[in-house]
Amino acid sequence: NNQFRRLKKEGIHVYSIRGNHDAQNNLSRFITRLDNVHEFPTGPYTFKNEEKGFAVHGQSYPSREVRDNLVKNYPPPVKGLFNIGLLHTNITGSPEHDSYAPTSVDELRSFGYDYWALGHVHNRAELNRDPYIVYSGNIQGRNIRERGKKGCYLVAVRDRTVDELRFIPLD
């Protein structure tokens, strides 16, 4: 709650999807939803900000285990806006993570979004550049096996194109 308030004070919006660890987490009932926090429902949905020129598409997990390909039901890109897809998936087939919401890089590339922000796999990875398909990983290792730099990506967009993609270590 405090961090959401800090972001709100700076005029920063949060777009959030639930994955396998927080699909139906009771802890979420203690989070006060501020008007800068946008949580995706369990069905495909799009948040549009025409003033800033972007659309964010995604959907939360309805339960802990999602074995279906969620992308096939995502909304089409919104013409004239920078389209961002949020997806909790094991697209890389990492044996360290369950194979939830399976899809492929080729399927995401063909979808027409300008950027895909992926979650579930804890290691950062840039899987594609046109469009960018990126796992930011987690912000700190959760166990002894999760070594290396952890953090987030800063994505700068100019004229509906990714102008800069920069990893920022936060651990």
# chains A, B, ... in the order shown; residues from 1 in each chain; ligands from 1
>>> residues_around(residues="range 129-144 of chain A", least_positions_apart="6", cutoff="12 Å", atoms="only C-alpha atoms", output="PyMOL selection string")
chain A and resi 82-92+104-123+150-155+157+160-171
>>> atom_distance(atom1="CA of Thr32 in chain A", atom2="CA of Arg18 in chain A")
15.9 Å
>>> residues_around(residues="range 34-41 of chain A", least_positions_apart="2", cutoff="7 Å", atoms="only C-alpha atoms", output="compact mmCIF listing (two decimals) with C-alpha atoms, in the first residue's frame")
# COMPACT_ATOMS: atom_id res chain seq x y z
CA LYS A 8 0.68 7.72 -7.08
CA ILE A 12 3.03 6.67 -11.89
CA HIS A 13 0.40 4.09 -12.81
CA VAL A 14 0.69 0.36 -12.11
CA TYR A 15 -0.72 -2.30 -14.46
CA SER A 16 -0.77 -5.67 -12.75
CA ILE A 17 -1.67 -9.24 -13.64
CA THR A 32 -6.10 -0.71 -0.90
CA GLY A 43 -10.57 -12.57 -18.61
CA TYR A 45 -8.88 -6.98 -20.94
CA GLY A 58 -3.51 -8.76 -20.27
CA GLN A 59 -5.37 -11.06 -17.97
CA SER A 60 -4.88 -12.46 -14.48
>>> select_by_dssp(residues="chain A", states="helix (DSSP H, G or I)", output="ChimeraX atom specification")
/A:2-9,26-30,71-73,105-110
